[in-house]
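Colleague: File follows, run_6.csv with CSV, C-alpha atoms and all ligand atoms:
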```csv
chain,number,residue,atom,x,y,z
P,875,MET,CA,0.0,0.0,0.0
P,876,ARG,CA,1.2,3.5,-0.9
P,877,SER,CA,2.2,5.5,2.2
P,878,TYR,CA,1.9,8.9,0.5
P,879,ASP,CA,-1.0,10.8,-1.0
P,880,VAL,CA,-1.3,11.8,-4.6
P,881,ALA,CA,-2.7,15.4,-4.9
P,882,PRO,CA,-5.4,16.3,-7.5
P,883,GLY,CA,-3.7,17.7,-10.6
P,884,VAL,CA,-0.9,15.1,-10.8
P,885,ASP,CA,-2.6,13.1,-13.5
P,886,ALA,CA,-3.3,16.3,-15.5
P,887,ALA,CA,0.2,17.5,-15.1
P,888,LEU,CA,1.6,14.2,-16.3
P,889,ALA,CA,-0.8,14.1,-19.3
P,890,ARG,CA,0.3,17.6,-20.3
P,891,PHE,CA,4.0,16.9,-20.2
P,892,THR,CA,6.3,15.9,-23.1
P,893,VAL,CA,10.0,15.7,-22.9
P,894,PRO,CA,11.5,18.4,-25.1
P,895,GLU,CA,14.4,17.6,-27.5
P,896,LYS,CA,16.8,20.0,-25.7
P,897,LEU,CA,17.2,19.2,-22.1
P,898,GLY,CA,20.3,21.0,-20.8
P,899,PHE,CA,20.9,20.5,-17.1
P,900,GLY,CA,18.0,21.7,-14.9
P,901,ALA,CA,16.4,23.7,-17.7
P,902,VAL,CA,13.4,21.3,-17.9
P,903,ASP,CA,11.2,20.8,-14.8
P,904,ALA,CA,9.6,17.4,-14.4
P,905,PRO,CA,5.8,17.6,-13.9
P,906,VAL,CA,5.6,16.2,-10.4
P,907,MET,CA,7.4,16.7,-7.0
P,908,TYR,CA,7.2,15.2,-3.6
P,909,SER,CA,6.8,17.1,-0.3
P,910,VAL,CA,6.6,16.1,3.4
P,911,ASP,CA,6.6,18.2,6.5
P,912,TRP,CA,8.2,17.7,9.9
P,913,ALA,CA,6.6,19.2,13.0
P,914,ALA,CA,6.4,18.4,16.7
P,915,GLY,CA,9.2,15.9,16.4
P,916,ALA,CA,7.7,13.7,13.6
P,917,TRP,CA,7.4,13.4,9.9
P,918,GLY,CA,3.9,13.7,8.5
P,919,ARG,CA,2.5,12.0,5.4
P,920,GLY,CA,4.1,12.6,2.1
P,921,ARG,CA,2.4,14.0,-0.9
P,922,LEU,CA,3.0,13.8,-4.6
P,923,LEU,CA,2.1,17.1,-6.2
P,924,PRO,CA,2.1,18.7,-9.6
P,925,HIS,CA,5.4,20.6,-10.0
P,926,GLY,CA,4.9,24.3,-9.2
P,927,PRO,CA,5.7,27.2,-6.8
P,928,ILE,CA,5.4,26.6,-3.1
P,929,ALA,CA,4.3,28.9,-0.4
P,930,ILE,CA,6.9,29.7,2.2
P,931,ALA,CA,6.9,32.3,5.0
P,932,PRO,CA,9.2,35.2,4.0
P,933,GLY,CA,10.8,34.9,7.5
P,934,ALA,CA,11.5,31.2,7.1
P,935,ARG,CA,14.9,30.1,8.5
P,936,ALA,CA,15.8,28.6,5.1
P,937,LEU,CA,15.5,32.0,3.5
P,938,GLN,CA,17.0,34.1,6.4
P,939,TYR,CA,19.7,31.8,7.7
P,940,ALA,CA,20.3,29.3,4.8
P,941,GLU,CA,19.0,26.4,6.9
P,942,LEU,CA,18.9,24.1,3.8
P,943,VAL,CA,20.7,21.0,2.8
P,944,PHE,CA,20.3,19.0,-0.4
P,945,GLU,CA,21.2,16.0,-2.5
P,946,GLY,CA,21.6,15.2,-6.2
P,947,LEU,CA,21.3,11.8,-7.9
P,948,LYS,CA,20.1,10.4,-11.2
P,949,ALA,CA,17.6,7.8,-12.3
P,950,TYR,CA,18.8,6.0,-15.5
P,951,ARG,CA,16.7,4.1,-18.0
P,952,ILE,CA,18.8,2.9,-20.9
P,953,ASN,CA,17.0,0.2,-22.8
P,954,ARG,CA,14.8,-0.7,-19.8
P,955,ASP,CA,11.3,-0.2,-18.7
P,956,VAL,CA,12.1,0.4,-15.0
P,957,PRO,CA,14.5,3.1,-14.1
P,958,ASN,CA,17.4,2.5,-11.6
P,959,LEU,CA,19.2,4.7,-9.2
P,960,PHE,CA,22.9,4.6,-8.3
P,961,ARG,CA,23.9,4.1,-4.7
P,962,PRO,CA,20.9,6.0,-3.3
P,963,LEU,CA,21.6,4.9,0.2
P,964,GLU,CA,24.8,6.9,0.1
P,965,ASN,CA,22.8,10.0,-0.7
P,966,SER,CA,20.5,9.1,2.2
P,967,ARG,CA,23.5,8.8,4.6
P,968,ARG,CA,25.1,12.0,3.3
P,969,LEU,CA,21.8,13.9,3.7
P,970,ALA,CA,21.7,12.6,7.3
P,971,ARG,CA,25.3,13.8,7.9
P,972,SER,CA,24.5,17.2,6.4
P,973,ALA,CA,21.3,17.5,8.5
P,974,GLU,CA,23.2,16.5,11.6
P,975,ARG,CA,25.8,19.2,11.0
P,976,LEU,CA,23.1,21.8,10.7
P,977,SER,CA,21.2,20.3,13.6
P,978,MET,CA,18.2,19.6,11.4
P,979,PRO,CA,16.1,16.4,11.8
P,980,SER,CA,17.2,13.6,9.6
P,981,VAL,CA,15.1,12.1,6.9
P,982,PRO,CA,14.7,8.3,7.6
P,983,GLU,CA,16.1,6.1,4.9
P,984,ALA,CA,12.7,4.6,4.2
P,985,LEU,CA,11.1,8.1,3.7
P,986,PHE,CA,14.0,9.1,1.5
P,987,LEU,CA,13.6,6.1,-0.7
P,988,GLU,CA,9.8,6.4,-0.8
P,989,ALA,CA,10.2,10.0,-2.0
P,990,LEU,CA,12.6,8.9,-4.8
P,991,ASP,CA,10.5,6.0,-5.8
P,992,ALA,CA,7.4,8.2,-5.9
P,993,VAL,CA,9.0,10.8,-8.1
P,994,ALA,CA,11.1,8.5,-10.3
P,995,GLY,CA,8.5,5.8,-10.5
P,996,THR,CA,5.7,8.2,-11.5
P,997,LEU,CA,8.0,9.8,-14.1
P,998,SER,CA,9.5,6.6,-15.4
P,999,ARG,CA,8.2,7.1,-19.0
P,1000,PHE,CA,9.8,10.5,-19.0
P,1001,VAL,CA,13.3,9.3,-18.0
P,1002,PRO,CA,15.2,10.0,-21.2
P,1003,GLY,CA,16.8,6.9,-22.6
P,1004,LYS,CA,20.0,8.0,-24.5
P,1005,SER,CA,23.3,7.1,-22.9
P,1006,GLY,CA,24.4,10.1,-20.8
P,1007,GLN,CA,20.8,11.3,-20.3
P,1008,ALA,CA,18.9,10.7,-17.0
P,1009,LEU,CA,16.3,12.0,-14.7
P,1010,TYR,CA,18.1,14.2,-12.2
P,1011,LEU,CA,16.6,14.1,-8.7
P,1012,ARG,CA,17.1,16.9,-6.3
P,1013,PRO,CA,16.0,16.1,-2.7
P,1014,PHE,CA,16.3,19.0,-0.2
P,1015,LEU,CA,15.5,19.7,3.4
P,1016,PHE,CA,14.9,23.1,4.9
P,1017,GLY,CA,13.7,25.0,7.9
P,1018,THR,CA,10.3,26.6,7.4
P,1019,GLU,CA,9.7,28.4,10.8
P,1020,SER,CA,9.6,32.1,10.6
P,1021,GLY,CA,11.6,34.3,12.9
P,1022,TYR,CA,15.0,35.7,13.7
P,1023,LEU,CA,16.0,33.8,16.9
P,1024,ILE,CA,19.4,32.3,16.5
P,1025,ARG,CA,18.4,28.7,16.8
P,1026,ASN,CA,17.1,26.0,14.6
P,1027,SER,CA,13.7,26.1,13.0
P,1028,SER,CA,11.1,23.9,14.8
P,1029,THR,CA,9.4,22.9,11.5
P,1030,PHE,CA,11.0,21.5,8.4
P,1031,ARG,CA,10.1,20.4,4.9
P,1032,PHE,CA,11.6,17.7,2.8
P,1033,MET,CA,11.0,17.8,-1.0
P,1034,VAL,CA,12.2,16.1,-4.1
P,1035,ILE,CA,12.0,17.8,-7.5
P,1036,ALA,CA,13.3,16.4,-10.8
P,1037,ASN,CA,14.6,17.3,-14.2
P,1038,PRO,CA,15.2,15.2,-17.3
P,1039,VAL,CA,18.8,16.1,-18.2
P,1040,GLU,CA,21.6,15.4,-20.5
P,1041,ALA,CA,25.1,14.8,-19.1
P,1042,TYR,CA,26.4,18.2,-17.9
P,1043,SER,CA,29.3,18.5,-20.2
P,1044,THR,CA,31.2,21.5,-21.3
P,1045,GLY,CA,34.0,19.7,-23.1
P,1046,PRO,CA,37.5,20.0,-21.5
P,1047,MET,CA,37.0,22.5,-18.6
P,1048,ARG,CA,39.1,25.6,-18.2
P,1049,VAL,CA,39.5,26.0,-14.4
P,1050,ALA,CA,40.4,29.2,-12.6
P,1051,ILE,CA,42.4,28.8,-9.4
P,1052,GLU,CA,40.7,30.9,-6.7
P,1053,ARG,CA,43.4,32.5,-4.5
P,1054,GLU,CA,41.3,34.9,-2.5
P,1055,ASP,CA,37.8,33.8,-1.7
P,1056,VAL,CA,37.3,30.6,0.4
P,1057,ARG,CA,34.5,28.2,-0.1
P,1058,ALA,CA,34.6,26.2,3.1
P,1059,ALA,CA,36.8,25.9,6.2
P,1060,VAL,CA,37.5,22.9,8.4
P,1061,GLY,CA,34.9,23.1,11.2
P,1062,GLY,CA,32.4,24.8,9.0
P,1063,VAL,CA,29.9,23.1,6.7
P,1064,GLY,CA,32.1,22.2,3.8
P,1065,PHE,CA,31.6,18.5,4.1
P,1066,ALA,CA,27.8,19.0,4.3
P,1067,LYS,CA,25.9,19.4,1.0
P,1068,ALA,CA,24.6,22.8,2.3
P,1069,ALA,CA,23.2,25.6,0.2
P,1070,ALA,CA,25.4,28.0,2.2
P,1071,ASN,CA,28.6,26.6,0.6
P,1072,TYR,CA,27.3,27.5,-2.8
P,1073,ALA,CA,26.4,31.0,-1.6
P,1074,ALA,CA,30.0,31.4,-0.5
P,1075,SER,CA,31.3,30.1,-3.9
P,1076,LEU,CA,29.1,32.0,-6.4
P,1077,ARG,CA,31.1,35.2,-6.6
P,1078,ALA,CA,34.2,33.3,-7.7
P,1079,SER,CA,32.2,31.1,-10.0
P,1080,SER,CA,30.6,34.1,-11.7
P,1081,GLN,CA,33.9,35.9,-12.0
P,1082,ALA,CA,35.5,32.7,-13.5
P,1083,ALA,CA,32.7,32.5,-16.0
P,1084,ALA,CA,33.0,36.2,-16.9
P,1085,ARG,CA,36.8,35.7,-17.5
P,1086,GLY,CA,36.0,32.8,-19.9
P,1087,TYR,CA,36.6,29.9,-17.5
P,1088,THR,CA,34.3,27.0,-16.7
P,1089,VAL,CA,34.6,26.9,-12.9
P,1090,ALA,CA,36.8,27.9,-9.9
P,1091,LEU,CA,39.2,25.6,-8.1
P,1092,TRP,CA,39.1,26.1,-4.4
P,1093,LEU,CA,42.1,26.1,-2.0
P,1094,ASP,CA,42.0,25.4,1.7
P,1095,ALA,CA,40.8,28.2,4.0
P,1096,THR,CA,43.8,28.2,6.4
P,1097,GLU,CA,46.9,28.4,4.1
P,1098,HIS,CA,45.4,28.9,0.7
P,1099,ARG,CA,47.8,26.2,-0.3
P,1100,TYR,CA,46.1,22.9,-0.8
P,1101,ILE,CA,43.5,22.2,-3.5
P,1102,GLN,CA,40.0,21.2,-2.3
P,1103,GLU,CA,37.6,20.8,-5.2
P,1104,LEU,CA,35.7,22.6,-7.9
P,1105,SER,CA,32.3,24.1,-7.0
P,1106,GLY,CA,30.1,21.0,-7.2
P,1107,MET,CA,32.8,18.6,-8.5
P,1108,ASN,CA,35.7,16.7,-6.9
P,1109,ILE,CA,39.1,16.6,-8.6
P,1110,PHE,CA,41.6,14.0,-9.6
P,1111,ALA,CA,45.2,14.3,-11.0
P,1112,VAL,CA,47.2,11.6,-12.8
P,1113,ILE,CA,50.7,12.0,-11.4
P,1114,ASP,CA,53.4,9.5,-12.5
P,1115,GLY,CA,50.7,7.2,-13.8
P,1116,GLU,CA,48.9,7.1,-10.4
P,1117,LEU,CA,45.6,8.7,-9.5
P,1118,HIS,CA,45.8,11.4,-6.8
P,1119,THR,CA,42.8,13.2,-5.2
P,1120,PRO,CA,42.7,15.5,-2.1
P,1121,SER,CA,42.0,13.6,1.1
P,1122,LEU,CA,38.7,14.4,2.7
P,1123,ASP,CA,39.6,17.1,5.2
P,1124,GLY,CA,36.2,18.1,6.6
P,1125,ALA,CA,35.9,21.0,4.2
P,1126,ILE,CA,35.7,19.0,1.0
P,1127,LEU,CA,32.3,17.5,-0.1
P,1128,PRO,CA,32.6,13.7,0.0
P,1129,GLY,CA,31.3,13.0,-3.5
P,1130,ILE,CA,29.7,9.7,-4.2
P,1131,THR,CA,31.2,9.8,-7.7
P,1132,ARG,CA,34.6,10.4,-6.1
P,1133,ASP,CA,34.2,7.4,-3.8
P,1134,SER,CA,32.9,5.2,-6.7
P,1135,LEU,CA,35.8,6.2,-8.9
P,1136,ILE,CA,38.4,5.4,-6.2
P,1137,THR,CA,36.9,1.9,-5.9
P,1138,LEU,CA,36.5,1.4,-9.6
P,1139,ALA,CA,40.0,2.7,-10.5
P,1140,ARG,CA,41.5,0.3,-8.0
P,1141,HIS,CA,39.4,-2.5,-9.4
P,1142,LEU,CA,40.8,-1.6,-12.9
P,1143,GLY,CA,44.4,-1.8,-11.6
P,1144,HIS,CA,45.1,1.9,-11.0
P,1145,ARG,CA,46.9,3.0,-7.9
P,1146,VAL,CA,44.8,5.7,-6.1
P,1147,ILE,CA,46.3,8.0,-3.4
P,1148,GLU,CA,44.2,10.3,-1.2
P,1149,ARG,CA,46.4,13.0,0.2
P,1150,PRO,CA,46.7,16.8,0.7
P,1151,ILE,CA,47.8,18.2,-2.7
P,1152,ALA,CA,49.6,21.6,-2.7
P,1153,ILE,CA,48.7,23.8,-5.7
P,1154,ASP,CA,52.3,24.9,-6.3
P,1155,GLU,CA,53.5,21.4,-6.4
P,1156,LEU,CA,50.7,20.5,-8.8
P,1157,LEU,CA,51.5,23.4,-11.1
P,1158,ARG,CA,55.2,22.3,-11.1
P,1159,GLN,CA,54.2,18.7,-11.9
P,1160,ILE,CA,52.1,19.9,-14.8
P,1161,SER,CA,55.0,21.9,-16.2
P,1162,THR,CA,57.4,19.0,-15.9
P,1163,GLY,CA,54.9,16.6,-17.3
P,1164,ALA,CA,54.8,14.4,-14.1
P,1165,CYS,CA,51.1,15.4,-13.8
P,1166,SER,CA,49.8,14.3,-17.2
P,1167,GLU,CA,46.1,14.7,-16.7
P,1168,LEU,CA,43.4,16.3,-14.5
P,1169,PHE,CA,39.7,15.6,-14.4
P,1170,ALA,CA,36.7,16.5,-12.3
P,1171,CYS,CA,33.8,14.3,-11.2
P,1172,GLY,CA,30.3,14.5,-9.8
P,1173,THR,CA,26.8,13.2,-10.4
P,1174,ALA,CA,26.0,16.0,-12.9
P,1175,ALA,CA,29.1,15.9,-15.0
P,1176,ILE,CA,30.0,12.2,-14.4
P,1177,VAL,CA,33.7,12.5,-15.3
P,1178,ASN,CA,34.9,15.6,-17.1
P,1179,PRO,CA,38.4,16.4,-18.3
P,1180,ILE,CA,40.2,19.6,-17.3
P,1181,GLY,CA,42.0,21.2,-20.2
P,1182,ALA,CA,43.7,24.1,-18.4
P,1183,LEU,CA,44.3,25.4,-14.9
P,1184,ALA,CA,44.6,29.2,-14.9
P,1185,ASP,CA,46.1,31.4,-12.2
P,1186,ARG,CA,45.0,35.0,-11.3
P,1187,ASN,CA,47.8,36.4,-13.5
P,1188,GLY,CA,46.2,34.7,-16.5
P,1189,ALA,CA,48.9,32.0,-16.9
P,1190,ASP,CA,47.4,28.8,-18.2
P,1191,HIS,CA,48.9,25.5,-17.1
P,1192,LEU,CA,48.0,22.8,-19.6
P,1193,PRO,CA,48.3,19.1,-18.8
P,1194,LYS,CA,49.7,17.2,-21.7
P,1195,CYS,CA,46.8,14.7,-21.9
P,1196,ILE,CA,43.2,15.5,-22.0
P,1197,GLY,CA,40.7,12.8,-21.1
P,1198,GLU,CA,42.7,9.6,-21.4
P,1199,VAL,CA,42.3,8.1,-17.9
P,1200,ALA,CA,39.2,10.2,-17.5
P,1201,ALA,CA,37.5,8.6,-20.6
P,1202,GLU,CA,38.3,5.1,-19.3
P,1203,LEU,CA,36.9,5.8,-15.9
P,1204,ARG,CA,33.9,7.7,-17.2
P,1205,GLU,CA,32.9,4.7,-19.4
P,1206,ALA,CA,33.5,2.2,-16.6
P,1207,LEU,CA,31.3,4.1,-14.2
P,1208,LEU,CA,28.6,5.1,-16.7
P,1209,SER,CA,28.2,1.6,-18.0
P,1210,ILE,CA,27.5,0.4,-14.5
P,1211,GLN,CA,25.1,3.3,-13.8
P,1212,GLU,CA,23.3,2.6,-17.1
P,1213,ARG,CA,23.3,-1.2,-16.5
P,1214,ARG,CA,25.3,-1.8,-19.7
P,1215,ALA,CA,27.9,-3.7,-17.7
P,1216,PRO,CA,27.9,-6.0,-14.7
P,1217,ASP,CA,27.6,-4.3,-11.3
P,1218,PRO,CA,30.3,-6.1,-9.2
P,1219,PHE,CA,29.8,-3.7,-6.2
P,1220,GLY,CA,26.0,-3.9,-5.9
P,1221,TRP,CA,25.6,-0.2,-6.6
P,1222,VAL,CA,22.5,-0.2,-8.8
P,1223,ARG,CA,19.0,-0.1,-7.2
P,1224,GLU,CA,16.0,-0.5,-9.4
P,1225,ILE,CA,13.3,1.9,-8.3
P,1226,GLY,CA,10.2,0.6,-6.5
P,1227,PRO,CA,6.7,0.4,-8.0
P,1228,ALA,CA,5.2,3.7,-9.1
P,1229,ALA,CA,2.1,5.3,-7.7
V,1,LIG,C1,27.4,17.3,-4.8
V,1,LIG,C2,28.8,17.9,-4.8
V,1,LIG,C3,29.9,17.2,-5.3
V,1,LIG,C4,29.8,15.9,-6.1
V,1,LIG,O1,29.2,14.9,-5.3
V,1,LIG,P1,28.5,13.6,-6.0
V,1,LIG,O2,28.0,12.8,-4.9
V,1,LIG,O3,29.6,12.9,-6.7
V,1,LIG,O4,27.5,14.1,-7.0
V,1,LIG,C5,31.1,17.8,-5.2
V,1,LIG,N1,31.3,19.0,-4.6
V,1,LIG,C6,30.3,19.7,-4.1
V,1,LIG,C7,30.5,21.0,-3.4
V,1,LIG,C8,29.0,19.2,-4.2
V,1,LIG,O5,27.9,19.9,-3.7
```
Give the structure from the file, written as structure tokens.
Modeller:
Amino acid sequence: MRSYDVAPGVDAALARFTVPEKLGFGAVDAPVMYSVDWAAGAWGRGRLLPHGPIAIAPGARALQYAELVFEGLKAYRINRDVPNLFRPLENSRRLARSAERLSMPSVPEALFLEALDAVAGTLSRFVPGKSGQALYLRPFLFGTESGYLIRNSSTFRFMVIANPVEAYSTGPMRVAIEREDVRAAVGGVGFAKAAANYAASLRASSQAAARGYTVALWLDATEHRYIQELSGMNIFAVIDGELHTPSLDGAILPGITRDSLITLARHLGHRVIERPIAIDELLRQISTGACSELFACGTAAIVNPIGALADRNGADHLPKCIGEVAAELREALLSIQERRAPDPFGWVREIGPAA
């Protein structure tokens, strides 16, 4: 028996919807969304709703104090009827860690999965089916109580919205090293998937874009010396034939793609090293050729090569290879996600029955 309600208007919204040819990433809204409220210490009953604007008190903690954490994952449906998710329990656990850091109530695993199944199941026929395409799912949890007291909200809402997407790909990325602004400090909320981290990063991202770069590369907050990640993507370097990625330091977001690539690369015979990586050392290794390749990874982009690292003075550092190891790992990961290859790690989960 279904444990959530389906609001009037859902069927009509589904009947009206067609998947356009051009999807982009987040440009097309799926016609339904899921919503459930938390009050007086307990979660209420979930509802599947037509996608649309929501009412929120203008003084809500989410708006005034950025009391909001989120997740991002994809439903894939390549040559299948029933879509599948990729490691959704990892998203559930990460949302719980994010909520814990912001002292928000956690979303129980069963509720998290119910919401994903409700949305992805109802939308299964709209999950685009070309390799690289997917239904992007965006779960988020936020404080709804109005007021300025410096304490947590006493009421919360958990929602899931969705977008049919194509792989977020820009071609080889031109990355701008950010030497002044800081995204996240150890002790802060960097390891949490918190909206506030993005707020801190948007200026550098916009400036990078205005200067013709794709994204900013963040350095640690204390010494501005060690690389952290790109806004929304983790980073890997191929150094002397081995894969190096910054160790999780409390300020870096522990990407599920990052974690999956570490496991997969080792499985494929690569040596993978997690360690602090100093930017000056990395730039030196690019110039000597010891660092032959750089790439970024995340749910949205999957694995995306980095074509250039640029410093504030405009100097471009170009790794000699673009996308060799990256292409191997991208295909290895995507073929599991899309169920074109065996799933030796038990990462794929078929979504439950639709509404
Ligand atoms: C979501 C996110 C990532 C990538 O995480 P995945 O689980 O691989 O999608 C990396 N960095 C930041 C800041 C993020 O918000």
Colleague: Write out as CSV a residue-level contact list of chain P versus ligand LIG 1 (chain V) with cut-off 9 Å: for each qualifying residue the closest pair of atoms and the distance in Å to one decimal, counting only C-alpha atoms and all ligand atoms, rows sorted by chain and residue number upward.
Modeller:
```
residue,atom,partner,partner_atom,distance
P:Phe944,CA,V:LIG1,O5,8.3
P:Glu945,CA,V:LIG1,C1,6.7
P:Gly946,CA,V:LIG1,O4,6.1
P:Leu947,CA,V:LIG1,O4,6.7
P:Glu964,CA,V:LIG1,O2,8.4
P:Asn965,CA,V:LIG1,O2,7.2
P:Arg968,CA,V:LIG1,O2,8.7
P:Arg1057,CA,V:LIG1,C7,8.9
P:Gly1064,CA,V:LIG1,C7,7.5
P:Phe1065,CA,V:LIG1,C7,8.0
P:Ala1066,CA,V:LIG1,O5,8.1
P:Lys1067,CA,V:LIG1,O5,5.1
P:Ala1068,CA,V:LIG1,O5,7.4
P:Ala1069,CA,V:LIG1,O5,8.4
P:Asn1071,CA,V:LIG1,C7,7.1
P:Tyr1072,CA,V:LIG1,C7,7.3
P:Glu1103,CA,V:LIG1,N1,6.6
P:Leu1104,CA,V:LIG1,N1,6.6
P:Ser1105,CA,V:LIG1,C7,5.1
P:Gly1106,CA,V:LIG1,C6,3.4
P:Met1107,CA,V:LIG1,C5,3.8
P:Asn1108,CA,V:LIG1,C5,5.0
P:Ile1109,CA,V:LIG1,C5,8.8
P:Ile1126,CA,V:LIG1,C7,7.1
P:Leu1127,CA,V:LIG1,N1,4.8
P:Pro1128,CA,V:LIG1,O1,6.4
P:Gly1129,CA,V:LIG1,O1,3.4
P:Ile1130,CA,V:LIG1,O2,3.6
P:Thr1131,CA,V:LIG1,O3,3.6
P:Arg1132,CA,V:LIG1,O3,5.6
P:Asp1133,CA,V:LIG1,O3,7.7
P:Ser1134,CA,V:LIG1,O3,8.4
P:Cys1171,CA,V:LIG1,O3,6.3
P:Gly1172,CA,V:LIG1,O3,3.6
P:Thr1173,CA,V:LIG1,O4,3.6
P:Ala1174,CA,V:LIG1,O4,6.4
P:Ala1175,CA,V:LIG1,O4,8.4
P:Ile1176,CA,V:LIG1,O3,7.7
```
Colleague: May I ask which of the residues P:Val1060, P:Leu1093, P:Ala1189, P:Ala1041 is the closest one to P:Ser1075, counting all atoms listed in the file?
Modeller: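 That would be P:Leu1093, the residue with the smallest distance to P:Ser1075.
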Colleague: Quick one: of P:Val1001, P:Leu1157, P:Leu1168, P:Leu1009, who's nearest to P:Arg954, counting only C-alpha atoms?
Modeller: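 Residue with the minimum atom-to-atom distance to P:Arg954: P:Val1001.
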Colleague: When you draw a straight line from atom CA of P:Asn1026 to atom CA of P:Ser977, how long is it in Å?
Modeller: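 For atom CA of P:Asn1026 relative to atom CA of P:Ser977, the distance reads 7.1 Å.
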Colleague: Write out as a list in words which residues come within 10 Å of P:Arg935 when counting all atoms listed in the file, dropping same-chain ones fewer than 5 positions away.
Modeller: Ala940, Glu941, Leu942, Phe1016, Gly1017, Thr1018, Glu1019, Ser1020, Gly1021, Tyr1022, Leu1023, Ile1024, Arg1025, Asn1026, Ser1027, Ser1028, Thr1029 and Phe1030 of chain P
Colleague: Quick one: everything within 6 Å of stretch 979-995 of chain P, counting all atoms listed in the file, minus sequence neighbours fewer than 4 positions away in the same chain. Send it as a ChimeraX atom specification.
Modeller: /P:966,970,973,1225-1226,1228
Colleague: Hey, can you check how far atom CA of P:Ile1051 sits from atom CA of P:Leu1091?
Modeller: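 If I compute the distance from atom CA of P:Ile1051 to atom CA of P:Leu1091, I get 4.7 Å.
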Colleague: Can you tell me, as an MDAnalysis selection string, which residues sit within 12 Å of (47.0, 36.4, -13.3) in the file's frame, using only C-alpha atoms?
Modeller: chainID P and resid 1050:1053 1085 1183:1191
Colleague: Could those residues be written to a file, using C-alpha atoms, as a PDB file, in the frame of the given file?
Modeller:
```pdb
ATOM      1  CA  ALA P1050      40.400  29.200 -12.600  1.00  0.00           C
ATOM      2  CA  ILE P1051      42.400  28.800  -9.400  1.00  0.00           C
ATOM      3  CA  GLU P1052      40.700  30.900  -6.700  1.00  0.00           C
ATOM      4  CA  ARG P1053      43.400  32.500  -4.500  1.00  0.00           C
ATOM      5  CA  ARG P1085      36.800  35.700 -17.500  1.00  0.00           C
ATOM      6  CA  LEU P1183      44.300  25.400 -14.900  1.00  0.00           C
ATOM      7  CA  ALA P1184      44.600  29.200 -14.900  1.00  0.00           C
ATOM      8  CA  ASP P1185      46.100  31.400 -12.200  1.00  0.00           C
ATOM      9  CA  ARG P1186      45.000  35.000 -11.300  1.00  0.00           C
ATOM     10  CA  ASN P1187      47.800  36.400 -13.500  1.00  0.00           C
ATOM     11  CA  GLY P1188      46.200  34.700 -16.500  1.00  0.00           C
ATOM     12  CA  ALA P1189      48.900  32.000 -16.900  1.00  0.00           C
ATOM     13  CA  ASP P1190      47.400  28.800 -18.200  1.00  0.00           C
ATOM     14  CA  HIS P1191      48.900  25.500 -17.100  1.00  0.00           C
TER      15      HIS P1191
END
```
Colleague: What is the distance, in Å and to one decimal place, between atom CA of P:Thr1119 and atom CA of P:Leu1135?
Modeller: 10.6 Å
Colleague: Could you please give me, as a PDB file with C-alpha atoms, in the coordinates of the input, the residues of protein, DNA or RNA lying at most 9 Å from (19.9, 18.8, -23.7) in the coordinate frame of the file, considering only C-alpha atoms?
Modeller:
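Result file is selection33.pdb:
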```
ATOM      1  CA  PRO P 894      11.500  18.400 -25.100  1.00  0.00           C
ATOM      2  CA  GLU P 895      14.400  17.600 -27.500  1.00  0.00           C
ATOM      3  CA  LYS P 896      16.800  20.000 -25.700  1.00  0.00           C
ATOM      4  CA  LEU P 897      17.200  19.200 -22.100  1.00  0.00           C
ATOM      5  CA  GLY P 898      20.300  21.000 -20.800  1.00  0.00           C
ATOM      6  CA  PHE P 899      20.900  20.500 -17.100  1.00  0.00           C
ATOM      7  CA  ALA P 901      16.400  23.700 -17.700  1.00  0.00           C
ATOM      8  CA  GLN P1007      20.800  11.300 -20.300  1.00  0.00           C
ATOM      9  CA  PRO P1038      15.200  15.200 -17.300  1.00  0.00           C
ATOM     10  CA  VAL P1039      18.800  16.100 -18.200  1.00  0.00           C
ATOM     11  CA  GLU P1040      21.600  15.400 -20.500  1.00  0.00           C
ATOM     12  CA  ALA P1041      25.100  14.800 -19.100  1.00  0.00           C
ATOM     13  CA  TYR P1042      26.400  18.200 -17.900  1.00  0.00           C
TER      14      TYR P1042
END
```
Colleague: For each of P:Pro957, P:Asn1037, P:Gly918, P:Ala934, take the minimum atom-to-atom distance to P:Val893, counting all atoms listed in the file, then give the residue where this is smallest.
Modeller: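 Selected residue with least distance to P:Val893: P:Asn1037.
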Colleague: Using all atoms listed in the file, which of P:Glu1198, P:Arg975, P:Lys1004, P:Arg1031 sits nearest P:Ala929?
Modeller: P:Arg1031
Colleague: Report as number ranges by chain all protein, DNA and RNA residues lying within 12 Å of P:Tyr908, evaluated on all atoms listed in the file, omitting residues in the same chain fewer than 3 positions from it.
Modeller: P: 878-881, 884, 904-905, 911, 919-926, 928, 985-997, 1011-1015, 1031-1036, 1229
Colleague: Taking all atoms listed in the file into account, which of P:Ile1151, P:Ser1043, P:Arg1140, P:Thr1096 comes nearest P:Ser1121?
Modeller: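 Closest residue, counting all atoms listed in the file: P:Ile1151.
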Colleague: Looking at all atoms listed in the file, which of P:Asp955, P:Glu1202, P:Asp1114, P:Asp1123 is the one that sits closest to P:Gln1159?
Modeller: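 Going through P:Asp955, P:Glu1202, P:Asp1114, P:Asp1123 one by one, the smallest distance to P:Gln1159 is for P:Asp1114.
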